[in-house]
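Chemist: Before I ask anything, here is the structure I am working with.
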Amino acid sequence: MLTITHPGPSTDFRRRRMPAGIAPAACLACFFTLGILRSAAASDQGLPGKPDYSRNPEWFPHIQRPYTSRWVPTLGLQNTQKVQDLIRDGKLKLSLVDLAAAVKENNLDILTAAIGTSFAETDILRAKGGGAPRGGPGIQIPSSLFAGAIGAGVGSTGGLGGSGSAGGISGGARAVTVRASGSFDPSLLLNFSIDRTASPLNTIRVSGVPNVITSTTAFQTRYLQAFTTGTTISVSFNNQRQSSTQQFLRFNPSFVSSFSFSFTQQLLNGFGWAVNRRFLNVAKNDRQIAQETLRLQVSTTLAQAMSLFWDLAAARDNVRAAEKSLAVAQQLYDDNRARLEIGTVAGIDVVTTESEVASRKRDLVIAQTGLQVIQEQMKTILSREMDAALASAAIEATDPLPDPRDADVPKLSEALAQAMKSRPEIRQAEGNLLNQAAAIKYARNLLKPTLMVFGLYSGSGLSGESVFLDPSTGNLVTAPGGISQALRQLFGMDFPDYAFGFSFTISLRNRSAQADNMRARLEQRMSETALQGTRSGIALEVRQAIIGLTQAKARVEAAHQATSLTDQLLKAEEEKLLSGLSTPYNVIRIQRDLLVAQLSEVQARAGYAKALVELDRSTGVLDTK
């Protein structure tokens, strides 16, 4: 802080001189402050990539860095090169590997969750300075960590201790009280002032004049810091020059220098690293929770994207089946028209087959529309924006629908063990339990009385020009003096002031601390219950995934067998039709059955592929593939 009090228009600055030691210090303070202000509008030029927000920028020799806005990378909203490279000749050919890479780089939900990890890093930096973490998406800060108002840090930057009364007209004793104050970030206070005061007096016995004009130039410095052991220190060094129109002053102008060092140490409430580092420990836990939140978002988004991938593959097979069915119906219609011309079939048979062709065209349009809808959904999930190239590209799934294998169905015990080890929800819940443990330690510490020991040393020096009567000549003699003499007295400890003592405070009923302690333990019980509930829910998901995979495998086998048998029936019925032993209607009916069987088989195989995705998601390994 730099404060200059205007002395008023009547001050004669030409007769004022800045005392030695004050002027250089004031100039240094001004230079330091102006250097900060000049660079305040500039941003740190960081290296490309995500910076580590949990670390403060290196400040030496660039002392302005802690006071300037840090570089934060701009999040581009254009698709990455990965998406552009996948588009060739108007087609976006995708494998599962390509899809996973594109989703991780471009999905907006994943990018948003990644920013949440940076929030947690800023909380670590804030806690290192003594502030309370602010939390973020998916991050909860236990309320029991705070004493008093929610959001309070570990301390303030208020004053510490006191100093002597050098320069007054009388000495005095006092009771000394030093309170703990400060934050983990050291603070340096600078105060410079120029003051002129005119005061009318009601007596002239002390001053010798009816009104007094006092001019003061002062420069004060103070250093404050708190430590995680419960210790705080304060160091101050002050210089002052004062001149007055009083007649009976010993020194006029006078120079006063003072030095003060004080410390406090908490011994009960507020003692120890576990208590004073509670916010930092919680902030570090929260970074892990934020990383697990990101993993959860990646896993959830990948599961959605991969399910769409297999829906796309199934929709593509549906289109192929509809196209093949239309071709078969068209061929039957053409054959019947030829037979009608030679009189081997009735006209109604031609109408029937023509109607079937129209129905097959309708089925093909429905299948193509479903394919287009799924393509649009996939483009949205794997991109940051729908640019022209992506919007016009047709997506082709290069991986075929998987065939069922017995090895795909794991043992239940192995799947459960994998899920309990890998699922991010469990790690999140365990991180919350660690936070609650820190809150309980703090709440237990609050039950103790407050016992603080403190010590104080201060010294003073007083000098200046003095006028006295020479007894040998009877003349007034002016003895020079200045700040150098005052500093010599100060560092020579000519006028020391020592103090030490303790401060003890106890709440006779301690109800607030008891309530906070019980609340912290109840919150821990809630977290333990939530963790157990999370484990139970995950175990249920794994069991359901294995059951679903087993059923999907059976459906694929049954659907494949139904398709094969229906195909054999169709071939036999077509041979009977050529022999005149059947009718076109019977062939059309079996063709419909074959199309239904083929579509059912495609859906069953797609369901099996999606069941594999769900198994990987429920066991917590999807984001690692």
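We label chains A, B, ... in the order they appear in the structure tokens, count residues from 1 in each chain, and number ligands from 1 in the order shown.
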Once DSSP has gone over the backbone, tell me which residues of segment 186-346 of chain A are in strand (DSSP E or B), as a VMD selection string.

Modeler: chain A and resid 187 to 200 211 to 226 231 to 244 254 to 266

Chemist: Would you put the residues from that selection into a file with C-alpha atoms, as a compact mmCIF listing (two decimals), in the first residue's frame?

Modeler:
# COMPACT_ATOMS: atom_id res chain seq x y z
CA SER A 187 2.91 -10.12 2.65
CA LEU A 188 5.01 -6.98 2.53
CA LEU A 189 3.31 -3.76 3.60
CA LEU A 190 4.79 -0.40 2.60
CA ASN A 191 3.32 2.87 3.79
CA PHE A 192 4.70 6.31 2.98
CA SER A 193 3.02 9.51 4.13
CA ILE A 194 3.64 13.24 4.34
CA ASP A 195 1.47 15.06 6.84
CA ARG A 196 1.13 18.63 8.12
CA THR A 197 -1.11 19.34 11.08
CA ALA A 198 -1.99 22.71 12.63
CA SER A 199 -3.45 22.45 16.14
CA PRO A 200 -4.74 25.25 18.44
CA ASN A 211 -0.80 26.86 18.36
CA VAL A 212 1.45 24.15 16.99
CA ILE A 213 2.27 23.20 13.43
CA THR A 214 3.69 19.68 13.10
CA SER A 215 5.12 18.25 9.88
CA THR A 216 5.75 14.52 9.64
CA THR A 217 7.32 12.34 6.97
CA ALA A 218 7.05 8.62 7.65
CA PHE A 219 7.97 5.39 5.88
CA GLN A 220 6.76 2.14 7.39
CA THR A 221 7.45 -1.45 6.33
CA ARG A 222 6.08 -4.71 7.67
CA TYR A 223 6.53 -8.37 6.72
CA LEU A 224 3.94 -10.95 7.75
CA GLN A 225 3.81 -14.71 7.22
CA ALA A 226 2.06 -17.74 8.65
CA THR A 231 3.48 -20.28 13.70
CA THR A 232 3.21 -16.68 12.55
CA ILE A 233 5.91 -14.03 12.43
CA SER A 234 5.92 -10.28 11.93
CA VAL A 235 8.89 -8.03 11.22
CA SER A 236 8.52 -4.26 10.95
CA PHE A 237 10.96 -1.41 10.38
CA ASN A 238 9.81 2.20 10.53
CA ASN A 239 11.46 5.60 10.03
CA GLN A 240 9.93 8.96 10.82
CA ARG A 241 11.01 12.59 10.61
CA GLN A 242 9.01 15.18 12.55
CA SER A 243 9.38 18.91 12.98
CA SER A 244 7.26 21.18 15.15
CA SER A 254 13.45 14.65 15.40
CA PHE A 255 14.24 11.31 13.73
CA VAL A 256 12.62 8.19 15.12
CA SER A 257 13.60 4.69 13.93
CA SER A 258 11.97 1.56 15.26
CA PHE A 259 12.31 -2.17 14.68
CA SER A 260 9.95 -4.88 15.85
CA PHE A 261 9.95 -8.67 15.62
CA SER A 262 7.17 -10.83 16.99
CA PHE A 263 6.06 -14.42 16.70
CA THR A 264 3.16 -16.55 17.86
CA GLN A 265 2.87 -20.32 18.18
CA GLN A 266 -0.35 -22.27 18.59

Chemist: Listing only residues of segment 304-337 of chain A within 9 Å of segment 395-408 of chain A, what is the closest atom pair and its distance in Å (to one decimal) for each, using only C-alpha atoms, sorted by chain and residue number ascending, as CSV?

Modeler:
residue,atom,partner,partner_atom,distance
A:Phe309,CA,A:Ala397,CA,7.0
A:Trp310,CA,A:Leu401,CA,7.0
A:Leu312,CA,A:Ala397,CA,7.0
A:Ala313,CA,A:Ala397,CA,5.9
A:Ala314,CA,A:Leu401,CA,7.6
A:Arg316,CA,A:Glu396,CA,8.4

Chemist: Could you dump the residues just selected with N, CA and C atoms as a PDB file, in the first residue's frame?

Modeler:
ATOM      1  N   PHE A 309     -21.755 -46.336 -33.111  1.00  0.00           N
ATOM      2  CA  PHE A 309     -20.963 -46.972 -34.170  1.00  0.00           C
ATOM      3  C   PHE A 309     -21.599 -48.288 -34.582  1.00  0.00           C
ATOM      4  N   TRP A 310     -21.971 -49.096 -33.590  1.00  0.00           N
ATOM      5  CA  TRP A 310     -22.582 -50.381 -33.935  1.00  0.00           C
ATOM      6  C   TRP A 310     -23.998 -50.195 -34.458  1.00  0.00           C
ATOM      7  N   LEU A 312     -24.728 -47.741 -36.359  1.00  0.00           N
ATOM      8  CA  LEU A 312     -24.436 -47.360 -37.738  1.00  0.00           C
ATOM      9  C   LEU A 312     -24.129 -48.591 -38.584  1.00  0.00           C
ATOM     10  N   ALA A 313     -23.310 -49.502 -38.034  1.00  0.00           N
ATOM     11  CA  ALA A 313     -23.013 -50.731 -38.770  1.00  0.00           C
ATOM     12  C   ALA A 313     -24.281 -51.537 -39.004  1.00  0.00           C
ATOM     13  N   ALA A 314     -25.148 -51.608 -38.009  1.00  0.00           N
ATOM     14  CA  ALA A 314     -26.411 -52.328 -38.170  1.00  0.00           C
ATOM     15  C   ALA A 314     -27.312 -51.632 -39.183  1.00  0.00           C
ATOM     16  N   ARG A 316     -26.333 -49.837 -41.673  1.00  0.00           N
ATOM     17  CA  ARG A 316     -25.772 -50.108 -42.995  1.00  0.00           C
ATOM     18  C   ARG A 316     -26.175 -51.493 -43.469  1.00  0.00           C
TER      19      ARG A 316
END

Chemist: With only C-alpha atoms as the basis for distance, which of A:Ile483, A:Leu267, A:Ala559, A:Gly116 is at the shortest distance from Pro253 of chain A?

Modeler: A:Ile483

Chemist: Do you know which residues are at most 12 Å from segment 368-380 of chain A counting only C-alpha atoms, after dropping those on the same chain fewer than 6 positions away, and could you put them as a VMD selection string?

Modeler: chain A and resid 79 83 87 91 to 94 99 to 100 102 to 103 106 to 109 301 to 302 304 to 323 361 to 362 386 to 397

Chemist: Would you kindly return, as a VMD selection string, each protein, DNA or RNA residue with an atom no farther than 9 Å from any atom of Gln288 of chain A, considering only C-alpha atoms and excluding same-chain residues fewer than 6 positions away?

Modeler: chain A and resid 117 120 427 to 428 431

Chemist: Counting only C-alpha atoms, figure out which residue out of A:Arg179, A:Arg511, A:Arg70, A:Arg55 gets nearest to Arg126 of chain A.

Modeler: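 That would be A:Arg55, the residue with the smallest distance to Arg126 of chain A.
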
Chemist: As a count of residues only, which residues of segment 275-466 of chain A does DSSP assign to helix (DSSP H, G or I)?

Modeler: 144

Chemist: Between A:Thr122, A:Gly620, A:Ser143, A:Ser503, which one has atoms that come closest to Glu523 of chain A, using only C-alpha atoms?

Modeler: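 Using only C-alpha atoms, Glu523 of chain A sits closest to A:Ser143.
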
Chemist: Of the candidates A:Met452, A:Ile124, A:Ile590, A:Leu340, which shows the shortest atom-to-atom distance to Gly270 of chain A, using only C-alpha atoms?

Modeler: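 Closest candidate: A:Met452.
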
Chemist: At a cut-off of 10 Å, using only C-alpha atoms, what residues contact segment 531-536 of chain A? Leave out same-chain residues fewer than 6 positions from it and give the result as a PyMOL selection string.

Modeler: chain A and resi 416+419-420+423+425-430+432-433+525+542

Chemist: If you measure from atom CA of Tyr442 of chain A to atom CA of Ala530 of chain A, what distance in Å do you get, rounded to one decimal?

Modeler: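 For atom CA of Tyr442 of chain A relative to atom CA of Ala530 of chain A, the distance reads 22.0 Å.
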
Chemist: Would you please work out which residue, of A:Gln418, A:Ser512, A:Ser484, A:Gln436, is nearest to Phe279 of chain A when using only C-alpha atoms?

Modeler: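 Using only C-alpha atoms, the shortest distance to Phe279 of chain A belongs to A:Gln436.
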
Chemist: I'd like the interatomic distance between atom CA of Pro496 of chain A and atom CA of Phe454 of chain A, to a tenth of an Å.

Modeler: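 Taking atom CA of Pro496 of chain A as the start and atom CA of Phe454 of chain A as the end point, the length is 17.0 Å.
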
Chemist: What's around Phe227 of chain A at 10 Å? Count only C-alpha atoms, leave out sequence neighbours fewer than 5 positions away in its own chain, and write the answer as a PyMOL selection string.

Modeler: chain A and resi 130+154+182-186+232-233+265+272-273+276-277

Chemist: Just the residues within 8 Å of Ile141 of chain A, please, counting only C-alpha atoms, with nothing from its chain fewer than 4 positions along; format it as a list of chain:residue names.

Modeler: A:Pro133, A:Arg134, A:Gly135, A:Leu145, A:Val282, A:Asn435
